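What's in data.csv: CSV, C-alpha atoms and all ligand atoms
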```csv
chain,number,residue,atom,x,y,z
A,1,SER,CA,157.2,-49.4,11.2
A,2,SER,CA,155.2,-48.6,8.1
A,3,LEU,CA,154.8,-50.8,5.0
A,4,PHE,CA,156.5,-48.5,2.6
A,5,GLY,CA,159.0,-47.4,5.2
A,6,SER,CA,160.2,-50.9,5.3
A,7,PHE,CA,161.2,-50.9,1.6
A,8,PRO,CA,164.9,-50.1,1.2
A,9,ALA,CA,165.6,-46.9,-0.7
A,10,ALA,CA,167.2,-47.3,-4.1
A,11,ALA,CA,170.1,-45.2,-5.4
A,12,GLU,CA,169.4,-42.3,-7.7
A,13,ASP,CA,170.0,-43.1,-11.4
A,14,ALA,CA,173.6,-42.0,-12.2
A,15,VAL,CA,172.8,-40.3,-15.5
A,16,PHE,CA,169.8,-38.4,-14.2
A,17,ALA,CA,171.7,-37.4,-11.0
A,18,VAL,CA,174.3,-35.6,-13.2
A,19,THR,CA,171.5,-33.6,-14.8
A,20,ARG,CA,170.1,-32.7,-11.4
A,21,ARG,CA,173.5,-31.5,-10.1
A,22,PHE,CA,173.9,-29.5,-13.3
A,23,ASN,CA,170.5,-27.8,-12.8
A,24,GLU,CA,171.5,-27.0,-9.2
A,25,CYS,CA,174.9,-25.6,-10.2
A,26,PRO,CA,175.0,-21.8,-9.8
A,27,LEU,CA,178.1,-21.2,-12.0
A,28,PRO,CA,177.6,-19.1,-15.2
A,29,GLY,CA,178.8,-20.9,-18.3
A,30,LYS,CA,178.3,-24.3,-16.8
A,31,VAL,CA,178.4,-27.1,-19.4
A,32,SER,CA,176.1,-30.2,-19.5
A,33,CYS,CA,177.8,-33.2,-21.0
A,34,GLY,CA,176.0,-35.8,-18.9
A,35,VAL,CA,172.7,-37.0,-20.5
A,36,GLY,CA,172.8,-38.1,-24.1
A,37,ALA,CA,170.3,-35.8,-25.8
A,38,TYR,CA,171.3,-33.8,-28.9
A,39,ARG,CA,171.6,-30.0,-28.6
A,40,ASP,CA,171.9,-27.5,-31.4
A,41,SER,CA,174.9,-25.1,-31.8
A,42,GLN,CA,173.2,-22.8,-29.3
A,43,GLY,CA,172.8,-25.5,-26.8
A,44,ARG,CA,169.0,-25.8,-27.3
A,45,PRO,CA,166.9,-29.0,-27.7
A,46,PHE,CA,166.4,-29.6,-31.4
A,47,VAL,CA,163.2,-30.5,-33.3
A,48,LEU,CA,164.3,-32.0,-36.6
A,49,PRO,CA,162.7,-30.2,-39.6
A,50,SER,CA,161.5,-33.5,-41.0
A,51,VAL,CA,159.8,-34.3,-37.7
A,52,ALA,CA,158.3,-30.8,-37.5
A,53,SER,CA,156.9,-31.3,-41.0
A,54,ALA,CA,155.3,-34.7,-40.1
A,55,ARG,CA,153.9,-33.1,-37.0
A,56,ALA,CA,152.3,-30.2,-38.9
A,57,ALA,CA,150.8,-32.7,-41.4
A,58,LEU,CA,149.1,-34.6,-38.5
A,59,ALA,CA,147.8,-31.4,-37.0
A,60,ALA,CA,146.3,-30.4,-40.3
A,61,LEU,CA,144.3,-33.5,-40.6
A,62,PRO,CA,140.5,-32.9,-40.7
A,63,ALA,CA,138.5,-33.8,-37.6
A,64,GLY,CA,138.3,-37.5,-37.2
A,65,GLY,CA,141.5,-38.0,-39.3
A,66,TRP,CA,143.6,-38.1,-36.2
A,67,THR,CA,142.0,-39.8,-33.2
A,68,HIS,CA,143.3,-41.1,-30.0
A,69,GLU,CA,142.1,-44.7,-30.3
A,70,TYR,CA,144.0,-47.7,-28.8
A,71,GLN,CA,146.7,-49.1,-31.0
A,72,PRO,CA,147.1,-52.9,-31.7
A,73,ILE,CA,149.2,-54.5,-29.0
A,74,GLY,CA,152.2,-54.8,-31.3
A,75,GLY,CA,151.6,-51.4,-32.9
A,76,PRO,CA,150.1,-50.7,-36.4
A,77,PRO,CA,151.4,-52.8,-39.4
A,78,ALA,CA,152.4,-49.6,-41.3
A,79,PHE,CA,154.7,-48.5,-38.5
A,80,ALA,CA,156.3,-52.0,-38.4
A,81,GLU,CA,156.9,-52.0,-42.1
A,82,ALA,CA,158.5,-48.6,-42.1
A,83,ALA,CA,160.8,-49.5,-39.2
A,84,GLN,CA,161.7,-52.8,-40.9
A,85,GLY,CA,162.7,-51.0,-44.1
A,86,LEU,CA,164.9,-48.7,-42.2
A,87,ALA,CA,166.7,-51.5,-40.2
A,88,PHE,CA,167.1,-54.0,-43.0
A,89,GLY,CA,167.0,-52.0,-46.2
A,90,PRO,CA,167.5,-54.2,-49.3
A,91,LEU,CA,167.4,-57.4,-47.2
A,92,LEU,CA,163.8,-56.9,-46.2
A,93,ALA,CA,162.2,-58.7,-49.1
A,94,GLY,CA,164.1,-61.9,-48.4
A,95,LEU,CA,163.8,-61.6,-44.7
A,96,ALA,CA,160.1,-60.7,-44.5
A,97,PRO,CA,158.8,-64.3,-44.2
A,98,ARG,CA,160.7,-64.9,-40.9
A,99,LEU,CA,160.8,-61.3,-39.6
A,100,GLY,CA,158.5,-60.1,-36.8
A,101,SER,CA,158.3,-56.6,-35.2
A,102,VAL,CA,156.6,-55.2,-32.1
A,103,GLN,CA,156.4,-51.5,-31.5
A,104,SER,CA,158.0,-50.6,-28.2
A,105,LEU,CA,158.5,-47.9,-25.6
A,106,SER,CA,161.6,-46.6,-27.3
A,107,GLY,CA,164.9,-48.5,-27.2
A,108,THR,CA,164.6,-49.3,-23.5
A,109,GLY,CA,161.2,-50.9,-24.1
A,110,ALA,CA,162.5,-52.9,-27.0
A,111,LEU,CA,165.3,-54.3,-24.9
A,112,HIS,CA,162.7,-55.0,-22.1
A,113,LEU,CA,160.6,-57.0,-24.6
A,114,ALA,CA,163.6,-59.1,-25.8
A,115,VAL,CA,165.0,-59.7,-22.3
A,116,SER,CA,161.6,-60.6,-20.9
A,117,LEU,CA,161.0,-63.1,-23.7
A,118,TYR,CA,164.4,-64.7,-23.3
A,119,ALA,CA,164.2,-64.8,-19.5
A,120,LYS,CA,160.8,-66.5,-19.7
A,121,PHE,CA,161.6,-69.2,-22.2
A,122,SER,CA,165.4,-69.8,-22.5
A,123,PRO,CA,166.5,-72.8,-20.5
A,124,VAL,CA,170.0,-71.2,-20.4
A,125,GLY,CA,169.1,-67.9,-18.7
A,126,LYS,CA,172.5,-66.3,-19.2
A,127,VAL,CA,173.5,-63.0,-20.7
A,128,LEU,CA,176.8,-61.4,-21.6
A,129,PHE,CA,177.4,-57.6,-22.1
A,130,SER,CA,180.5,-55.5,-22.8
A,131,ASP,CA,182.5,-54.1,-19.9
A,132,PRO,CA,181.7,-51.2,-19.8
A,133,THR,CA,178.2,-50.7,-21.2
A,134,TRP,CA,175.2,-48.4,-20.8
A,135,GLY,CA,174.2,-48.6,-17.1
A,136,ASN,CA,170.6,-49.6,-17.8
A,137,HIS,CA,171.6,-52.8,-19.5
A,138,GLU,CA,172.9,-54.5,-16.5
A,139,ALA,CA,170.0,-53.3,-14.3
A,140,MET,CA,167.5,-54.7,-16.8
A,141,PHE,CA,169.2,-58.1,-16.9
A,142,GLU,CA,169.2,-58.2,-13.1
A,143,ALA,CA,165.6,-57.3,-13.0
A,144,ALA,CA,164.8,-60.1,-15.4
A,145,GLY,CA,166.6,-62.6,-13.1
A,146,LEU,CA,169.3,-63.5,-15.7
A,147,GLU,CA,172.7,-64.6,-14.8
A,148,ALA,CA,174.8,-61.8,-16.2
A,149,SER,CA,178.5,-61.6,-17.0
A,150,THR,CA,180.7,-59.3,-19.1
A,151,TYR,CA,182.9,-59.7,-22.1
A,152,ARG,CA,186.1,-57.6,-22.4
A,153,TYR,CA,185.8,-54.5,-24.5
A,154,LEU,CA,188.5,-51.8,-23.8
A,155,ASP,CA,192.2,-52.5,-23.9
A,156,PRO,CA,193.4,-52.3,-20.3
A,157,ALA,CA,196.9,-51.4,-21.5
A,158,THR,CA,195.8,-47.9,-22.7
A,159,PRO,CA,193.3,-46.6,-20.2
A,160,THR,CA,193.9,-42.9,-21.0
A,161,THR,CA,193.3,-43.5,-24.8
A,162,PRO,CA,190.4,-46.0,-24.9
A,163,SER,CA,190.5,-48.5,-27.7
A,164,LEU,CA,189.0,-51.9,-28.5
A,165,ASP,CA,190.4,-55.1,-26.9
A,166,PHE,CA,189.3,-57.2,-29.8
A,167,ALA,CA,191.3,-60.3,-28.8
A,168,GLY,CA,189.8,-60.2,-25.3
A,169,LEU,CA,186.3,-59.7,-26.7
A,170,LYS,CA,186.6,-62.6,-29.0
A,171,GLU,CA,188.0,-64.9,-26.4
A,172,ASP,CA,185.2,-64.2,-24.0
A,173,LEU,CA,182.5,-64.7,-26.6
A,174,LEU,CA,184.2,-68.0,-27.7
A,175,SER,CA,183.9,-69.3,-24.1
A,176,ALA,CA,180.3,-68.1,-23.6
A,177,PRO,CA,177.8,-70.9,-22.9
A,178,GLU,CA,175.7,-72.1,-25.9
A,179,GLY,CA,172.3,-70.4,-26.0
A,180,ALA,CA,173.4,-67.4,-24.0
A,181,LEU,CA,172.0,-64.0,-24.9
A,182,VAL,CA,174.8,-61.6,-26.0
A,183,LEU,CA,174.1,-57.8,-25.9
A,184,LEU,CA,175.9,-56.1,-28.8
A,185,GLN,CA,175.6,-52.4,-29.5
A,186,ALA,CA,175.1,-52.1,-33.3
A,187,CYS,CA,176.9,-48.8,-33.6
A,188,ALA,CA,178.1,-45.8,-31.6
A,189,HIS,CA,178.9,-47.8,-28.5
A,190,ASN,CA,177.6,-46.2,-25.3
A,191,PRO,CA,179.6,-45.2,-23.2
A,192,THR,CA,182.9,-45.6,-25.1
A,193,GLY,CA,182.3,-44.4,-28.7
A,194,VAL,CA,184.5,-47.3,-29.7
A,195,ASP,CA,183.0,-49.7,-32.3
A,196,PRO,CA,184.4,-52.8,-33.9
A,197,SER,CA,185.5,-52.5,-37.6
A,198,PRO,CA,183.5,-54.2,-40.3
A,199,GLU,CA,186.1,-57.0,-40.4
A,200,GLN,CA,185.8,-57.5,-36.6
A,201,TRP,CA,182.0,-57.5,-36.9
A,202,ARG,CA,182.3,-60.4,-39.3
A,203,GLU,CA,184.4,-62.3,-36.8
A,204,ILE,CA,181.9,-61.5,-34.0
A,205,ALA,CA,179.0,-62.8,-36.2
A,206,ALA,CA,181.0,-66.0,-36.9
A,207,VAL,CA,181.6,-66.6,-33.2
A,208,CYS,CA,177.9,-66.1,-32.4
A,209,GLU,CA,177.0,-68.6,-35.1
A,210,GLU,CA,179.6,-71.1,-34.0
A,211,ARG,CA,178.8,-70.8,-30.3
A,212,LYS,CA,175.0,-70.7,-31.0
A,213,LEU,CA,174.7,-67.4,-29.0
A,214,VAL,CA,171.6,-65.3,-29.2
A,215,PRO,CA,172.5,-61.8,-30.3
A,216,LEU,CA,170.5,-58.9,-29.0
A,217,LEU,CA,171.6,-56.0,-31.1
A,218,ASP,CA,171.0,-52.7,-29.4
A,219,ASN,CA,170.3,-50.3,-32.3
A,220,ALA,CA,169.8,-47.0,-30.5
A,221,TYR,CA,171.7,-44.7,-32.9
A,222,GLN,CA,171.1,-45.7,-36.5
A,223,GLY,CA,171.9,-42.7,-38.7
A,224,PHE,CA,173.0,-40.6,-35.8
A,225,ALA,CA,176.5,-42.1,-35.6
A,226,SER,CA,177.8,-41.6,-39.1
A,227,GLY,CA,175.0,-39.4,-40.4
A,228,CYS,CA,174.1,-42.2,-42.8
A,229,VAL,CA,171.4,-44.8,-41.9
A,230,GLU,CA,172.9,-47.4,-44.3
A,231,THR,CA,176.4,-47.2,-42.9
A,232,ASP,CA,175.1,-47.5,-39.4
A,233,ALA,CA,173.0,-50.5,-40.3
A,234,PHE,CA,176.1,-52.6,-41.2
A,235,ALA,CA,176.1,-54.9,-38.1
A,236,VAL,CA,172.4,-55.4,-38.0
A,237,ARG,CA,172.3,-56.3,-41.7
A,238,LEU,CA,175.3,-58.5,-41.3
A,239,PHE,CA,173.6,-60.7,-38.7
A,240,ALA,CA,170.4,-60.8,-40.7
A,241,GLU,CA,172.2,-61.7,-43.9
A,242,ARG,CA,174.0,-64.6,-42.2
A,243,LYS,CA,170.6,-65.9,-41.0
A,244,ILE,CA,171.7,-65.7,-37.4
A,245,PRO,CA,168.5,-65.8,-35.3
A,246,CYS,CA,168.6,-62.6,-33.3
A,247,PHE,CA,166.8,-59.6,-31.7
A,248,VAL,CA,167.2,-56.1,-33.0
A,249,ALA,CA,166.1,-53.4,-30.5
A,250,CYS,CA,165.6,-50.0,-32.2
A,251,SER,CA,165.0,-46.5,-30.9
A,252,PHE,CA,163.8,-43.4,-32.6
A,253,ALA,CA,164.9,-41.2,-29.6
A,254,LYS,CA,168.2,-40.0,-31.1
A,255,ASN,CA,167.9,-40.4,-34.8
A,256,MET,CA,164.5,-38.5,-34.9
A,257,GLY,CA,164.9,-36.5,-31.7
A,258,LEU,CA,161.8,-38.2,-30.3
A,259,TYR,CA,163.2,-38.8,-26.8
A,260,GLY,CA,160.1,-38.1,-24.8
A,261,GLU,CA,157.6,-39.7,-27.2
A,262,ARG,CA,159.0,-43.2,-26.4
A,263,VAL,CA,158.9,-44.7,-29.8
A,264,GLY,CA,160.9,-47.8,-30.8
A,265,VAL,CA,160.6,-51.3,-32.1
A,266,LEU,CA,161.8,-54.8,-31.4
A,267,HIS,CA,162.5,-56.9,-34.5
A,268,VAL,CA,162.9,-60.7,-34.2
A,269,VAL,CA,164.8,-62.3,-37.0
A,270,ALA,CA,163.6,-65.9,-36.6
A,271,GLU,CA,164.6,-69.3,-38.2
A,272,ASP,CA,161.3,-69.5,-40.1
A,273,GLY,CA,157.8,-68.1,-40.2
A,274,GLU,CA,156.5,-70.4,-37.5
A,275,ALA,CA,159.3,-69.5,-35.1
A,276,ARG,CA,158.6,-65.8,-35.8
A,277,ASP,CA,154.9,-66.2,-35.1
A,278,ASN,CA,155.6,-68.0,-31.8
A,279,ALA,CA,158.0,-65.3,-30.7
A,280,VAL,CA,155.7,-62.4,-31.7
A,281,SER,CA,152.7,-64.0,-30.0
A,282,GLN,CA,154.7,-64.2,-26.7
A,283,LEU,CA,156.1,-60.6,-27.1
A,284,LYS,CA,152.5,-59.4,-27.3
A,285,ILE,CA,151.8,-61.1,-24.0
A,286,VAL,CA,154.7,-59.2,-22.4
A,287,ALA,CA,153.5,-56.0,-23.9
A,288,ARG,CA,149.9,-56.6,-22.9
A,289,THR,CA,150.8,-57.3,-19.3
A,290,THR,CA,153.2,-54.4,-18.9
A,291,TYR,CA,151.7,-51.4,-20.8
A,292,SER,CA,148.9,-53.0,-22.9
A,293,ASN,CA,149.7,-51.3,-26.2
A,294,PRO,CA,152.2,-48.6,-27.4
A,295,PRO,CA,151.5,-44.8,-27.5
A,296,SER,CA,150.5,-43.6,-31.0
A,297,PHE,CA,151.9,-40.1,-31.5
A,298,GLY,CA,155.6,-40.9,-31.9
A,299,GLY,CA,154.8,-43.8,-34.2
A,300,ARG,CA,152.7,-41.6,-36.4
A,301,ILE,CA,155.6,-39.2,-36.7
A,302,VAL,CA,158.0,-41.9,-37.7
A,303,GLU,CA,155.5,-43.2,-40.3
A,304,GLY,CA,155.1,-39.7,-41.6
A,305,VAL,CA,158.9,-39.2,-42.0
A,306,LEU,CA,159.8,-42.6,-43.4
A,307,GLY,CA,156.8,-43.0,-45.5
A,308,ASP,CA,157.0,-39.7,-47.4
A,309,ALA,CA,159.8,-39.2,-50.0
A,310,GLY,CA,160.3,-35.5,-49.3
A,311,ARG,CA,160.4,-35.8,-45.6
A,312,ARG,CA,162.7,-38.9,-45.8
A,313,GLU,CA,165.1,-36.8,-47.8
A,314,GLN,CA,164.9,-34.0,-45.3
A,315,TRP,CA,165.5,-36.4,-42.5
A,316,GLU,CA,168.7,-37.7,-44.0
A,317,GLU,CA,169.8,-34.1,-44.3
A,318,ASP,CA,168.8,-33.6,-40.6
A,319,LEU,CA,170.9,-36.6,-39.6
A,320,ARG,CA,173.9,-35.4,-41.6
A,321,GLY,CA,173.6,-32.1,-39.8
A,322,MET,CA,173.5,-33.6,-36.3
A,323,ALA,CA,176.3,-36.1,-36.9
A,324,GLY,CA,178.4,-33.4,-38.6
A,325,ARG,CA,178.1,-31.0,-35.7
A,326,ILE,CA,179.1,-33.8,-33.3
A,327,VAL,CA,182.2,-34.6,-35.5
A,328,GLN,CA,183.1,-30.9,-35.5
A,329,MET,CA,182.9,-30.8,-31.7
A,330,ARG,CA,185.1,-33.8,-31.5
A,331,GLU,CA,187.7,-32.0,-33.6
A,332,ARG,CA,187.4,-28.8,-31.6
A,333,LEU,CA,187.7,-30.6,-28.2
A,334,ARG,CA,190.7,-32.6,-29.4
A,335,ASP,CA,192.4,-29.5,-30.7
A,336,GLY,CA,191.7,-27.7,-27.4
A,337,LEU,CA,193.0,-30.6,-25.3
A,338,GLU,CA,196.1,-31.0,-27.4
A,339,ARG,CA,196.8,-27.3,-27.2
A,340,GLU,CA,196.3,-27.3,-23.4
A,341,THR,CA,198.1,-30.5,-22.5
A,342,GLY,CA,200.7,-31.0,-25.3
A,343,SER,CA,199.8,-34.7,-25.7
A,344,SER,CA,197.7,-36.6,-28.2
A,345,TRP,CA,193.9,-36.8,-27.9
A,346,LYS,CA,193.4,-38.7,-31.1
A,347,HIS,CA,191.0,-41.1,-29.4
A,348,ILE,CA,188.4,-38.3,-29.2
A,349,THR,CA,188.2,-38.1,-33.0
A,350,ASP,CA,188.6,-41.9,-33.5
A,351,GLN,CA,185.4,-42.5,-31.5
A,352,ILE,CA,182.0,-42.3,-33.0
A,353,GLY,CA,178.5,-41.2,-31.9
A,354,MET,CA,177.0,-39.2,-29.1
A,355,PHE,CA,179.7,-40.1,-26.6
A,356,SER,CA,183.3,-39.8,-26.0
A,357,TYR,CA,185.1,-41.9,-23.4
A,358,THR,CA,187.8,-39.4,-22.4
A,359,GLY,CA,189.9,-41.5,-20.2
A,360,LEU,CA,189.5,-39.1,-17.3
A,361,THR,CA,189.5,-40.7,-13.8
A,362,LYS,CA,186.7,-40.2,-11.2
A,363,GLU,CA,188.7,-37.6,-9.4
A,364,GLN,CA,189.4,-35.7,-12.5
A,365,VAL,CA,185.7,-35.8,-13.4
A,366,LYS,CA,184.9,-34.4,-9.9
A,367,ALA,CA,187.4,-31.6,-10.4
A,368,CYS,CA,185.7,-30.7,-13.7
A,369,GLU,CA,182.3,-30.7,-12.1
A,370,GLU,CA,183.6,-28.2,-9.4
A,371,LYS,CA,184.4,-25.9,-12.4
A,372,GLY,CA,181.0,-26.4,-13.9
A,373,VAL,CA,181.7,-29.0,-16.6
A,374,PHE,CA,179.4,-32.0,-16.0
A,375,MET,CA,180.1,-35.5,-17.3
A,376,LEU,CA,179.5,-39.1,-16.1
A,377,ALA,CA,181.9,-40.4,-13.4
A,378,SER,CA,183.3,-42.9,-16.0
A,379,GLY,CA,184.7,-39.9,-17.9
A,380,ARG,CA,182.0,-40.2,-20.5
A,381,VAL,CA,181.3,-36.9,-22.2
A,382,SER,CA,178.1,-36.3,-24.3
A,383,MET,CA,179.5,-34.4,-27.3
A,384,ALA,CA,176.1,-32.9,-27.9
A,385,GLY,CA,176.5,-30.7,-24.8
A,386,LEU,CA,179.4,-28.9,-26.6
A,387,ASN,CA,179.2,-25.9,-28.9
A,388,ASP,CA,181.3,-23.1,-30.3
A,389,ALA,CA,180.7,-21.0,-27.2
A,390,ASN,CA,181.8,-23.6,-24.6
A,391,VAL,CA,184.2,-26.1,-26.2
A,392,ASP,CA,187.4,-24.3,-25.7
A,393,ALA,CA,186.6,-23.5,-22.0
A,394,THR,CA,185.6,-27.2,-21.6
A,395,ALA,CA,189.0,-28.3,-23.0
A,396,LYS,CA,190.7,-26.0,-20.5
A,397,VAL,CA,188.8,-27.3,-17.5
A,398,MET,CA,189.5,-30.9,-18.5
A,399,ALA,CA,193.2,-30.1,-19.1
A,400,ASP,CA,193.5,-28.4,-15.7
A,401,ALA,CA,191.8,-31.4,-14.1
A,402,ILE,CA,194.4,-33.8,-15.3
A,403,LYS,CA,197.5,-31.7,-14.6
B,501,LIG,N1,170.7,-48.3,-25.7
B,501,LIG,C1,171.7,-47.5,-25.6
B,501,LIG,C2,173.0,-48.0,-25.8
B,501,LIG,C3,171.4,-46.2,-25.3
B,501,LIG,O1,172.5,-45.3,-25.2
B,501,LIG,C4,170.1,-45.7,-25.1
B,501,LIG,C5,169.8,-44.3,-24.7
B,501,LIG,N2,170.6,-43.7,-23.8
B,501,LIG,C6,169.1,-46.7,-25.2
B,501,LIG,C7,169.4,-48.0,-25.5
B,501,LIG,C8,167.6,-46.4,-25.0
B,501,LIG,O2,167.2,-45.1,-25.1
B,501,LIG,P1,165.6,-44.9,-25.3
B,501,LIG,O3,164.9,-45.8,-24.4
B,501,LIG,O4,165.5,-43.5,-24.9
B,501,LIG,O5,165.3,-45.1,-26.7
```
Let me see the structure of the file written as structure tokens.
Ligand code: PMP
Amino acid sequence: SSLFGSFPAAAEDAVFAVTRRFNECPLPGKVSCGVGAYRDSQGRPFVLPSVASARAALAALPAGGWTHEYQPIGGPPAFAEAAQGLAFGPLLAGLAPRLGSVQSLSGTGALHLAVSLYAKFSPVGKVLFSDPTWGNHEAMFEAAGLEASTYRYLDPATPTTPSLDFAGLKEDLLSAPEGALVLLQACAHNPTGVDPSPEQWREIAAVCEERKLVPLLDNAYQGFASGCVETDAFAVRLFAERKIPCFVACSFAKNMGLYGERVGVLHVVAEDGEARDNAVSQLKIVARTTYSNPPSFGGRIVEGVLGDAGRREQWEEDLRGMAGRIVQMRERLRDGLERETGSSWKHITDQIGMFSYTGLTKEQVKACEEKGVFMLASGRVSMAGLNDANVDATAKVMADAIK
């Protein structure tokens, strides 16, 4: 048999598979709530006005003002500084002497850098993540050869109205091995939309400190969740303020709508300057041996938005607009479901961010898909796929599926 033929075939990615089935579906009025990409109220992809302005400014540069040269391995310093300011805000001045940042291929690339560094050098080699979590987390840990286990996240007593099992979460973190990596989603937990409260975050940080865990904060939705970048930075800044050495993996996919440009950053909050320098030098080795250096276009846009007062203001308005539309759709979906089923769907409006964990079973999800409403098998609905024209029909399809 042939060489390549002897390689086992891998399963199709579950999220991309839903998009494929949606594209193949012939039903008029079909609804795409699989992939997590923002859509405007007409269901179209959205270029943020702040981003369009930064793009236009780049295009208007004179010849030679915008070239396509290689970037430094860790990305340009101006990009790193802008990204640091966004993540750490007023803490930045105090943090700067022990903070290091490496530009990455979006949030996934930032996670890859952190996981690779940890896998290469940690003598512990163990990682904990929430059950459930974003599907790619577990796959990345496995690829890095880490011993992975889960911590409890959702209350098993209330499967149809998902809420946080904080006691279970805390107990599992308390019994985690010292030095283990712990993946924590900084805000807008994917896939559940269920976040710890500020008080619960303080307890989580205290446990991480006490058990000497290594937090990897996945910060994929800053500003997109609440509409305010400061509010959504609460957990990240809490860990930094408590001087807990940690990784912060940031993405500009959602909050700037730069999905396909692959722009993100990994911050390392280290014990001191020397520890920071060691970590960054090794992260650059990981970068150099996987993709050499990051793409420049997306980073230029981010610099152009964060570094210009007018665009930054526009961006915050753009964020409020996106987050506000999502909140509106949560209310509309909840209303529709309550009208159709006669029971409470409060969890839909309690949840935050791009996704809602509806509590639908696999079979119910399948029944929805047969009527043209596409979501993940876990019952995760991307709220961005809903709009005025399809939300009531979606509620009806979901309600029929659970009857
Ligand atoms: N983490 C989480 C929790 C996510 O939901 C996503 C996007 N689905 C990412 C990381 C990474 O996305 P990207 O690589 O496109 O920035």
#### Entry: Nearest residue to ligand LIG 501 (chain B) from the set A:Ala279, A:Val248, A:Ala399, A:Val124 (distances using all atoms listed in the file)
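Using all atoms listed in the file, ligand LIG 501 (chain B) sits closest to A:Val248.
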Enumerate, in order of chain and increasing residue number, the residues of chain A with an atom no farther than 6 Å from ligand LIG 501 (chain B), each with its shortest atom pair and distance in Å to one decimal, counting all atoms listed in the file, as CSV.
```
residue,atom,partner,partner_atom,distance
A:Ser106,CA,B:LIG501,O5,4.0
A:Gly107,CA,B:LIG501,O5,3.5
A:Thr108,CA,B:LIG501,O3,3.6
A:Trp134,CA,B:LIG501,C2,5.5
A:Asn190,CA,B:LIG501,C2,5.0
A:Asp218,CA,B:LIG501,N1,5.8
A:Ala220,CA,B:LIG501,N1,5.1
A:Ser251,CA,B:LIG501,O5,4.4
A:Ala253,CA,B:LIG501,O5,4.9
A:Tyr259,CA,B:LIG501,O4,5.6
```
### Task
To one decimal in Å, tell me the separation between atom CA of A:Gly260 and atom CA of A:Gly298.
8.9 Å
### Query
How far is it from atom CA of A:Ala323 to atom CA of A:Val302, in Å with one decimal?
19.2 Å
### Task
Step by step: start from the point (168.5, -56.2, -16.0) in the file's coordinates, keep every protein, DNA or RNA residue that has an atom no farther than 12 Å from it, count all atoms listed in the file, and write the set as an NGL selection string.
:A and (108 or 111-116 or 118-119 or 126-129 or 134-149 or 183)
With C-alpha atoms retained, export the selected residues as an mmCIF file, in the coordinates of the input.
```cif
data_model
loop_
_atom_site.group_PDB
_atom_site.id
_atom_site.type_symbol
_atom_site.label_atom_id
_atom_site.label_comp_id
_atom_site.auth_asym_id
_atom_site.auth_seq_id
_atom_site.Cartn_x
_atom_site.Cartn_y
_atom_site.Cartn_z
ATOM 1 C CA THR A 108 164.600 -49.300 -23.500
ATOM 2 C CA LEU A 111 165.300 -54.300 -24.900
ATOM 3 C CA HIS A 112 162.700 -55.000 -22.100
ATOM 4 C CA LEU A 113 160.600 -57.000 -24.600
ATOM 5 C CA ALA A 114 163.600 -59.100 -25.800
ATOM 6 C CA VAL A 115 165.000 -59.700 -22.300
ATOM 7 C CA SER A 116 161.600 -60.600 -20.900
ATOM 8 C CA TYR A 118 164.400 -64.700 -23.300
ATOM 9 C CA ALA A 119 164.200 -64.800 -19.500
ATOM 10 C CA LYS A 126 172.500 -66.300 -19.200
ATOM 11 C CA VAL A 127 173.500 -63.000 -20.700
ATOM 12 C CA LEU A 128 176.800 -61.400 -21.600
ATOM 13 C CA PHE A 129 177.400 -57.600 -22.100
ATOM 14 C CA TRP A 134 175.200 -48.400 -20.800
ATOM 15 C CA GLY A 135 174.200 -48.600 -17.100
ATOM 16 C CA ASN A 136 170.600 -49.600 -17.800
ATOM 17 C CA HIS A 137 171.600 -52.800 -19.500
ATOM 18 C CA GLU A 138 172.900 -54.500 -16.500
ATOM 19 C CA ALA A 139 170.000 -53.300 -14.300
ATOM 20 C CA MET A 140 167.500 -54.700 -16.800
ATOM 21 C CA PHE A 141 169.200 -58.100 -16.900
ATOM 22 C CA GLU A 142 169.200 -58.200 -13.100
ATOM 23 C CA ALA A 143 165.600 -57.300 -13.000
ATOM 24 C CA ALA A 144 164.800 -60.100 -15.400
ATOM 25 C CA GLY A 145 166.600 -62.600 -13.100
ATOM 26 C CA LEU A 146 169.300 -63.500 -15.700
ATOM 27 C CA GLU A 147 172.700 -64.600 -14.800
ATOM 28 C CA ALA A 148 174.800 -61.800 -16.200
ATOM 29 C CA SER A 149 178.500 -61.600 -17.000
ATOM 30 C CA LEU A 183 174.100 -57.800 -25.900
#
```
File output for stretch 376-381 of chain A (N, CA and C atoms) as a PDB file, in the first residue's frame:
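Okay, this is what ended up in decode-v3.pdb:
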```
ATOM      1  N   LEU A 376     -24.112  23.506  17.264  1.00  0.00           N
ATOM      2  CA  LEU A 376     -23.222  22.396  17.589  1.00  0.00           C
ATOM      3  C   LEU A 376     -23.990  21.295  18.325  1.00  0.00           C
ATOM      4  N   ALA A 377     -23.492  20.059  18.219  1.00  0.00           N
ATOM      5  CA  ALA A 377     -24.158  18.902  18.816  1.00  0.00           C
ATOM      6  C   ALA A 377     -24.343  19.075  20.326  1.00  0.00           C
ATOM      7  N   SER A 378     -23.484  19.895  20.950  1.00  0.00           N
ATOM      8  CA  SER A 378     -23.574  20.129  22.397  1.00  0.00           C
ATOM      9  C   SER A 378     -24.764  21.013  22.762  1.00  0.00           C
ATOM     10  N   GLY A 379     -25.444  21.560  21.763  1.00  0.00           N
ATOM     11  CA  GLY A 379     -26.536  22.494  22.034  1.00  0.00           C
ATOM     12  C   GLY A 379     -26.052  23.934  22.090  1.00  0.00           C
ATOM     13  N   ARG A 380     -24.794  24.148  21.651  1.00  0.00           N
ATOM     14  CA  ARG A 380     -24.241  25.508  21.645  1.00  0.00           C
ATOM     15  C   ARG A 380     -24.747  26.269  20.433  1.00  0.00           C
ATOM     16  N   VAL A 381     -25.353  27.428  20.700  1.00  0.00           N
ATOM     17  CA  VAL A 381     -25.870  28.297  19.647  1.00  0.00           C
ATOM     18  C   VAL A 381     -24.995  29.539  19.562  1.00  0.00           C
TER      19      VAL A 381
END
```
